[in-house]
>>> print(open('coords25.txt').read())   # compact mmCIF, N, CA and C atoms
# COMPACT_ATOMS: atom_id res chain seq x y z
N MET R 1 42.91 43.02 80.20
CA MET R 1 43.78 42.23 79.35
C MET R 1 44.49 43.17 78.39
N SER R 2 45.75 42.95 78.17
CA SER R 2 46.54 43.76 77.27
C SER R 2 46.10 43.51 75.83
N PRO R 3 46.03 44.57 75.00
CA PRO R 3 45.63 44.34 73.62
C PRO R 3 46.63 43.49 72.84
N GLY R 4 47.86 43.35 73.33
CA GLY R 4 48.85 42.54 72.64
C GLY R 4 48.79 41.07 73.00
N LEU R 5 47.94 40.69 73.95
CA LEU R 5 47.87 39.30 74.40
C LEU R 5 46.83 38.55 73.58
N ARG R 6 47.23 37.46 72.97
CA ARG R 6 46.33 36.63 72.18
C ARG R 6 45.86 35.46 73.04
N VAL R 7 44.58 35.47 73.35
CA VAL R 7 44.02 34.45 74.24
C VAL R 7 44.12 33.06 73.62
N ASP R 8 43.85 32.95 72.32
CA ASP R 8 43.82 31.63 71.69
C ASP R 8 45.18 30.94 71.68
N SER R 9 46.28 31.71 71.58
CA SER R 9 47.60 31.09 71.51
C SER R 9 48.48 31.38 72.73
N ARG R 10 47.96 32.21 73.63
CA ARG R 10 48.72 32.67 74.80
C ARG R 10 50.00 33.37 74.39
N ALA R 11 49.98 34.03 73.27
CA ALA R 11 51.15 34.76 72.77
C ALA R 11 51.02 36.23 73.16
N LEU R 12 52.11 36.83 73.48
CA LEU R 12 52.16 38.24 73.80
C LEU R 12 53.02 38.92 72.75
N VAL R 13 52.42 39.83 72.01
CA VAL R 13 53.14 40.52 70.95
C VAL R 13 53.87 41.69 71.57
N VAL R 14 55.17 41.77 71.33
CA VAL R 14 55.99 42.87 71.83
C VAL R 14 56.88 43.38 70.72
N GLU R 15 57.35 44.58 70.87
CA GLU R 15 58.36 45.12 69.97
C GLU R 15 59.65 45.21 70.73
N ALA R 16 60.74 44.91 70.07
CA ALA R 16 62.04 44.97 70.73
C ALA R 16 63.06 45.54 69.76
N LEU R 17 64.01 46.27 70.31
CA LEU R 17 65.13 46.76 69.51
C LEU R 17 66.26 45.75 69.65
N VAL R 18 66.67 45.21 68.51
CA VAL R 18 67.71 44.18 68.50
C VAL R 18 68.76 44.57 67.48
N GLY R 19 70.01 44.48 67.89
CA GLY R 19 71.08 44.76 66.94
C GLY R 19 71.02 43.77 65.78
N ASN R 20 71.30 44.25 64.57
CA ASN R 20 71.22 43.40 63.39
C ASN R 20 72.35 43.79 62.41
N PRO R 21 73.60 43.74 62.87
CA PRO R 21 74.69 44.22 62.02
C PRO R 21 74.87 43.41 60.74
N SER R 22 74.53 42.14 60.76
CA SER R 22 74.72 41.32 59.56
C SER R 22 73.52 41.36 58.61
N GLY R 23 72.41 41.99 59.05
CA GLY R 23 71.24 42.11 58.21
C GLY R 23 70.44 40.83 58.05
N GLU R 24 70.66 39.85 58.92
CA GLU R 24 69.94 38.58 58.82
C GLU R 24 68.47 38.69 59.22
N LEU R 25 68.17 39.61 60.13
CA LEU R 25 66.78 39.77 60.57
C LEU R 25 66.06 40.67 59.59
N LYS R 26 64.86 40.27 59.22
CA LYS R 26 64.04 41.02 58.26
C LYS R 26 62.72 41.42 58.92
N PRO R 27 62.09 42.51 58.47
CA PRO R 27 60.79 42.92 59.02
C PRO R 27 59.78 41.79 58.90
N GLY R 28 58.97 41.64 59.95
CA GLY R 28 57.93 40.62 59.94
C GLY R 28 58.36 39.26 60.47
N PHE R 29 59.63 39.09 60.79
CA PHE R 29 60.09 37.82 61.36
C PHE R 29 59.44 37.61 62.72
N PHE R 30 59.30 36.37 63.10
CA PHE R 30 58.78 36.00 64.40
C PHE R 30 59.90 35.35 65.20
N ALA R 31 59.79 35.47 66.51
CA ALA R 31 60.82 34.88 67.36
C ALA R 31 60.16 34.34 68.62
N THR R 32 60.82 33.40 69.23
CA THR R 32 60.43 32.91 70.54
C THR R 32 61.51 33.38 71.50
N ALA R 33 61.08 33.95 72.61
CA ALA R 33 62.05 34.51 73.56
C ALA R 33 61.73 34.03 74.96
N GLN R 34 62.72 34.07 75.79
CA GLN R 34 62.55 33.77 77.20
C GLN R 34 63.04 34.97 77.99
N ILE R 35 62.36 35.24 79.08
CA ILE R 35 62.79 36.31 79.96
C ILE R 35 63.72 35.70 80.98
N ALA R 36 64.93 36.21 81.02
CA ALA R 36 65.93 35.70 81.95
C ALA R 36 66.37 36.82 82.87
N GLN R 37 66.60 36.49 84.10
CA GLN R 37 67.08 37.49 85.05
C GLN R 37 68.54 37.77 84.76
N ALA R 38 68.84 39.02 84.55
CA ALA R 38 70.22 39.41 84.30
C ALA R 38 71.03 39.26 85.57
N SER R 39 72.27 38.89 85.42
CA SER R 39 73.12 38.83 86.61
C SER R 39 73.35 40.25 87.08
N GLN R 40 73.32 40.43 88.36
CA GLN R 40 73.47 41.76 88.92
C GLN R 40 74.31 41.68 90.18
N GLN R 41 74.79 42.83 90.57
CA GLN R 41 75.54 42.90 91.81
C GLN R 41 74.59 42.60 92.97
N PRO R 42 75.07 41.96 94.00
CA PRO R 42 74.19 41.71 95.15
C PRO R 42 73.74 43.03 95.76
N GLY R 43 72.51 43.05 96.24
CA GLY R 43 71.98 44.26 96.87
C GLY R 43 72.59 44.49 98.23
N ILE R 44 72.23 45.60 98.81
CA ILE R 44 72.69 45.96 100.15
C ILE R 44 71.62 45.50 101.12
N LEU R 45 72.02 44.87 102.20
CA LEU R 45 71.06 44.40 103.20
C LEU R 45 71.04 45.37 104.38
N VAL R 46 69.84 45.76 104.80
CA VAL R 46 69.67 46.62 105.97
C VAL R 46 68.63 45.96 106.87
N PRO R 47 68.67 46.28 108.17
CA PRO R 47 67.63 45.74 109.05
C PRO R 47 66.25 46.17 108.58
N SER R 48 65.27 45.28 108.68
CA SER R 48 63.92 45.62 108.23
C SER R 48 63.37 46.82 109.00
N ALA R 49 63.82 47.04 110.23
CA ALA R 49 63.37 48.19 111.02
C ALA R 49 63.83 49.51 110.42
N ALA R 50 64.83 49.49 109.54
CA ALA R 50 65.35 50.72 108.94
C ALA R 50 64.51 51.18 107.77
N VAL R 51 63.67 50.31 107.23
CA VAL R 51 62.88 50.64 106.04
C VAL R 51 61.48 51.05 106.47
N ARG R 52 61.09 52.24 106.05
CA ARG R 52 59.74 52.74 106.34
C ARG R 52 59.01 52.86 105.01
N THR R 53 57.82 52.25 104.93
CA THR R 53 57.05 52.29 103.70
C THR R 53 55.80 53.13 103.93
N VAL R 54 55.66 54.17 103.09
CA VAL R 54 54.51 55.06 103.15
C VAL R 54 53.95 55.15 101.74
N ALA R 55 52.67 54.88 101.59
CA ALA R 55 52.00 54.92 100.27
C ALA R 55 52.76 54.09 99.24
N ASP R 56 53.14 52.89 99.62
CA ASP R 56 53.85 51.96 98.74
C ASP R 56 55.22 52.45 98.30
N THR R 57 55.78 53.43 98.99
CA THR R 57 57.12 53.93 98.68
C THR R 57 58.03 53.63 99.86
N ALA R 58 59.08 52.83 99.60
CA ALA R 58 60.03 52.47 100.65
C ALA R 58 61.06 53.57 100.78
N ARG R 59 61.42 53.89 102.01
CA ARG R 59 62.43 54.91 102.27
C ARG R 59 63.28 54.53 103.47
N VAL R 60 64.50 55.00 103.45
CA VAL R 60 65.40 54.85 104.59
C VAL R 60 65.95 56.23 104.91
N TYR R 61 66.53 56.36 106.11
CA TYR R 61 67.15 57.61 106.50
C TYR R 61 68.64 57.38 106.66
N VAL R 62 69.42 58.07 105.83
CA VAL R 62 70.87 57.95 105.87
C VAL R 62 71.40 58.98 106.85
N VAL R 63 72.24 58.53 107.78
CA VAL R 63 72.84 59.43 108.77
C VAL R 63 74.07 60.06 108.14
N SER R 64 74.05 61.40 108.06
CA SER R 64 75.14 62.13 107.44
C SER R 64 75.56 63.25 108.39
N ALA R 65 76.74 63.12 108.96
CA ALA R 65 77.26 64.10 109.93
C ALA R 65 76.27 64.26 111.09
N ASP R 66 75.56 65.40 111.17
CA ASP R 66 74.68 65.65 112.31
C ASP R 66 73.20 65.68 111.92
N HIS R 67 72.86 65.12 110.75
CA HIS R 67 71.46 65.11 110.33
C HIS R 67 71.16 63.83 109.53
N VAL R 68 69.87 63.62 109.27
CA VAL R 68 69.48 62.46 108.46
C VAL R 68 68.95 62.95 107.12
N GLU R 69 69.16 62.13 106.11
CA GLU R 69 68.70 62.42 104.76
C GLU R 69 67.76 61.31 104.34
N GLU R 70 66.54 61.67 103.97
CA GLU R 70 65.57 60.67 103.52
C GLU R 70 65.92 60.21 102.11
N ARG R 71 65.91 58.90 101.90
CA ARG R 71 66.19 58.32 100.58
C ARG R 71 65.05 57.41 100.19
N ILE R 72 64.54 57.59 99.01
CA ILE R 72 63.57 56.64 98.46
C ILE R 72 64.38 55.50 97.86
N VAL R 73 64.03 54.29 98.22
CA VAL R 73 64.80 53.12 97.80
C VAL R 73 63.90 52.10 97.14
N SER R 74 64.52 51.22 96.38
CA SER R 74 63.82 50.05 95.84
C SER R 74 64.26 48.86 96.66
N THR R 75 63.30 48.03 97.04
CA THR R 75 63.63 46.88 97.87
C THR R 75 63.53 45.61 97.05
N GLY R 76 64.31 44.63 97.47
CA GLY R 76 64.30 43.32 96.84
C GLY R 76 63.72 42.32 97.80
N GLN R 77 64.39 41.21 97.93
CA GLN R 77 63.91 40.11 98.75
C GLN R 77 64.23 40.32 100.23
N PRO R 78 63.28 39.97 101.10
CA PRO R 78 63.59 39.94 102.52
C PRO R 78 64.47 38.73 102.84
N VAL R 79 65.41 38.92 103.74
CA VAL R 79 66.31 37.85 104.15
C VAL R 79 66.34 37.86 105.67
N ASP R 80 65.64 36.92 106.31
CA ASP R 80 65.51 36.88 107.76
C ASP R 80 64.97 38.22 108.26
N GLN R 81 65.72 38.93 109.11
CA GLN R 81 65.29 40.22 109.66
C GLN R 81 65.84 41.38 108.84
N LEU R 82 66.31 41.08 107.63
CA LEU R 82 66.92 42.09 106.77
C LEU R 82 66.09 42.29 105.51
N VAL R 83 66.31 43.43 104.84
CA VAL R 83 65.66 43.71 103.57
C VAL R 83 66.75 44.09 102.58
N GLU R 84 66.66 43.55 101.38
CA GLU R 84 67.62 43.89 100.33
C GLU R 84 67.23 45.24 99.73
N ILE R 85 68.20 46.15 99.61
CA ILE R 85 68.00 47.43 98.94
C ILE R 85 68.69 47.32 97.59
N THR R 86 67.91 47.43 96.51
CA THR R 86 68.48 47.25 95.17
C THR R 86 68.86 48.57 94.52
N SER R 87 68.32 49.68 94.98
CA SER R 87 68.74 50.99 94.47
C SER R 87 68.37 52.07 95.47
N GLY R 88 69.10 53.19 95.40
CA GLY R 88 68.83 54.32 96.27
C GLY R 88 69.76 54.43 97.46
N LEU R 89 70.63 53.46 97.64
CA LEU R 89 71.55 53.45 98.77
C LEU R 89 72.88 52.91 98.32
N GLU R 90 73.95 53.52 98.78
CA GLU R 90 75.29 53.06 98.43
C GLU R 90 75.87 52.22 99.56
N ALA R 91 76.70 51.26 99.19
CA ALA R 91 77.37 50.43 100.20
C ALA R 91 78.20 51.34 101.11
N GLY R 92 78.15 51.07 102.40
CA GLY R 92 78.94 51.82 103.37
C GLY R 92 78.19 52.98 104.00
N GLU R 93 77.05 53.37 103.45
CA GLU R 93 76.29 54.46 104.06
C GLU R 93 75.62 53.95 105.33
N THR R 94 75.51 54.82 106.33
CA THR R 94 74.92 54.46 107.61
C THR R 94 73.44 54.82 107.59
N VAL R 95 72.59 53.85 107.91
CA VAL R 95 71.15 54.12 107.96
C VAL R 95 70.66 54.08 109.40
N ALA R 96 69.65 54.89 109.68
CA ALA R 96 69.02 54.90 111.00
C ALA R 96 68.20 53.63 111.14
N THR R 97 68.26 53.02 112.31
CA THR R 97 67.53 51.78 112.53
C THR R 97 66.54 51.87 113.69
N THR R 98 66.58 52.96 114.44
CA THR R 98 65.64 53.12 115.55
C THR R 98 64.89 54.43 115.40
N SER R 99 63.70 54.48 115.93
CA SER R 99 62.84 55.67 115.89
C SER R 99 62.63 56.19 114.47
N VAL R 100 62.62 55.29 113.49
CA VAL R 100 62.52 55.68 112.08
C VAL R 100 61.21 56.42 111.80
N ALA R 101 60.12 56.05 112.45
CA ALA R 101 58.83 56.69 112.21
C ALA R 101 58.83 58.16 112.65
N GLN R 102 59.73 58.55 113.54
CA GLN R 102 59.78 59.93 114.01
C GLN R 102 60.75 60.80 113.20
N LEU R 103 61.48 60.21 112.27
CA LEU R 103 62.48 60.96 111.51
C LEU R 103 61.85 61.70 110.33
N THR R 104 62.46 62.83 109.99
CA THR R 104 62.09 63.59 108.79
C THR R 104 63.37 64.03 108.11
N ASP R 105 63.28 64.29 106.82
CA ASP R 105 64.44 64.70 106.05
C ASP R 105 65.07 65.96 106.63
N GLY R 106 66.37 65.92 106.87
CA GLY R 106 67.10 67.07 107.38
C GLY R 106 67.11 67.20 108.89
N LEU R 107 66.42 66.32 109.60
CA LEU R 107 66.37 66.39 111.06
C LEU R 107 67.76 66.23 111.65
N ARG R 108 68.11 67.10 112.58
CA ARG R 108 69.41 67.01 113.27
C ARG R 108 69.37 65.85 114.26
N VAL R 109 70.44 65.10 114.28
CA VAL R 109 70.54 63.95 115.20
C VAL R 109 71.90 63.96 115.84
N SER R 110 71.98 63.32 116.99
CA SER R 110 73.30 63.11 117.61
C SER R 110 73.70 61.68 117.31
N VAL R 111 74.91 61.52 116.82
CA VAL R 111 75.38 60.21 116.39
C VAL R 111 76.32 59.64 117.44
N SER R 112 76.00 58.43 117.89
CA SER R 112 76.91 57.72 118.79
C SER R 112 77.42 56.50 118.06
N ARG R 113 78.74 56.42 117.95
CA ARG R 113 79.34 55.29 117.20
C ARG R 113 80.20 54.47 118.08
>>> encode(input="coords25.txt", output="structure tokens")
Amino acid sequence: MSPGLRVDSRALVVEALVGNPSGELKPGFFATAQIAQASQQPGILVPSAAVRTVADTARVYVVSADHVEERIVSTGQPVDQLVEITSGLEAGETVATTSVAQLTDGLRVSVSR
């Protein structure tokens, strides 16, 4: 249990940096807050076969010219046979989708498009 969690009131004490240009907030004030998901750009979807997870770290292999580059990525929600990539990959990059378990960073590949 976190030392900031109060069992009797189910309150979690946190510190936050909040702008206070008008000086209305004073030390010791209490607040009630809600955690809201920030709006964000939609993630990139790749076939689930393109994502290889080793030791809880997701990675994909980006095909660049005649070799592959290993990228550690953050994944979001699965969508059917696809996985959302929320960071570590740029839109438009080509990822390997077959034989992913045999790939290593820098491995030369022949690309057929």
>>> atom_distance(input="coords25.txt", atom1="atom N of Val109 of chain R", atom2="atom N of Ile72 of chain R")
18.0 Å
>>> atom_distance(input="coords25.txt", atom1="atom CA of Gly106 of chain R", atom2="atom C of Asp56 of chain R")
20.9 Å
>>> residues_around(input="coords25.txt", residues="Leu103 of chain R", least_positions_apart="6", cutoff="10 Å", atoms="only C-alpha atoms", output="PyMOL selection string")
chain R and resi 60-61+67-70+96+109
>>> residues_around(input="coords25.txt", residues="segment 87-89 of chain R", least_positions_apart="3", cutoff="8 Å", atoms="only C-alpha atoms", output="PyMOL selection string")
chain R and resi 43-44+71-75+93
>>> atom_distance(input="coords25.txt", atom1="atom N of Arg59 of chain R", atom2="atom C of Val111 of chain R")
22.2 Å
>>> select_by_dssp(input="coords25.txt", residues="chain R", states="strand (DSSP E or B)", output="PyMOL selection string")
chain R and resi 5-6+11-12+44-47+52-54+57-64+67-79+82-87+95+108
>>> closest_residue(input="coords25.txt", among="R:Ala65, R:Pro21, R:Arg108, R:Ser48", to="Asp80 of chain R", atoms="all atoms listed in the file")
R:Ser48
>>> closest_residue(input="coords25.txt", among="R:Leu82, R:Ala33, R:Ala55, R:Val62", to="Leu12 of chain R", atoms="only C-alpha atoms")
R:Ala33
>>> select_by_dssp(input="coords25.txt", residues="chain R", states="helix (DSSP H, G or I)", output="PDB file with N, CA and C atoms, keeping the file's coordinate frame")
ATOM      1  N   SER R  48      65.270  45.280 108.680  1.00  0.00           N
ATOM      2  CA  SER R  48      63.920  45.620 108.230  1.00  0.00           C
ATOM      3  C   SER R  48      63.370  46.820 109.000  1.00  0.00           C
ATOM      4  N   ALA R  49      63.820  47.040 110.230  1.00  0.00           N
ATOM      5  CA  ALA R  49      63.370  48.190 111.020  1.00  0.00           C
ATOM      6  C   ALA R  49      63.830  49.510 110.420  1.00  0.00           C
ATOM      7  N   ALA R  50      64.830  49.490 109.540  1.00  0.00           N
ATOM      8  CA  ALA R  50      65.350  50.720 108.940  1.00  0.00           C
ATOM      9  C   ALA R  50      64.510  51.180 107.770  1.00  0.00           C
ATOM     10  N   VAL R 100      62.620  55.290 113.490  1.00  0.00           N
ATOM     11  CA  VAL R 100      62.520  55.680 112.080  1.00  0.00           C
ATOM     12  C   VAL R 100      61.210  56.420 111.800  1.00  0.00           C
ATOM     13  N   ALA R 101      60.120  56.050 112.450  1.00  0.00           N
ATOM     14  CA  ALA R 101      58.830  56.690 112.210  1.00  0.00           C
ATOM     15  C   ALA R 101      58.830  58.160 112.650  1.00  0.00           C
ATOM     16  N   GLN R 102      59.730  58.550 113.540  1.00  0.00           N
ATOM     17  CA  GLN R 102      59.780  59.930 114.010  1.00  0.00           C
ATOM     18  C   GLN R 102      60.750  60.800 113.200  1.00  0.00           C
TER      19      GLN R 102
END
>>> closest_residue(input="coords25.txt", among="R:Glu84, R:Glu24, R:Glu15, R:Asp66", to="Pro47 of chain R", atoms="all atoms listed in the file")
R:Glu84
>>> closest_residue(input="coords25.txt", among="R:Ala91, R:Leu17, R:Ala101, R:Ile85", to="Ala49 of chain R", atoms="only N, CA and C atoms")
R:Ala101
>>> closest_residue(input="coords25.txt", among="R:Val83, R:Ala31, R:Val14, R:Val63", to="Val95 of chain R", atoms="only N, CA and C atoms")
R:Val63
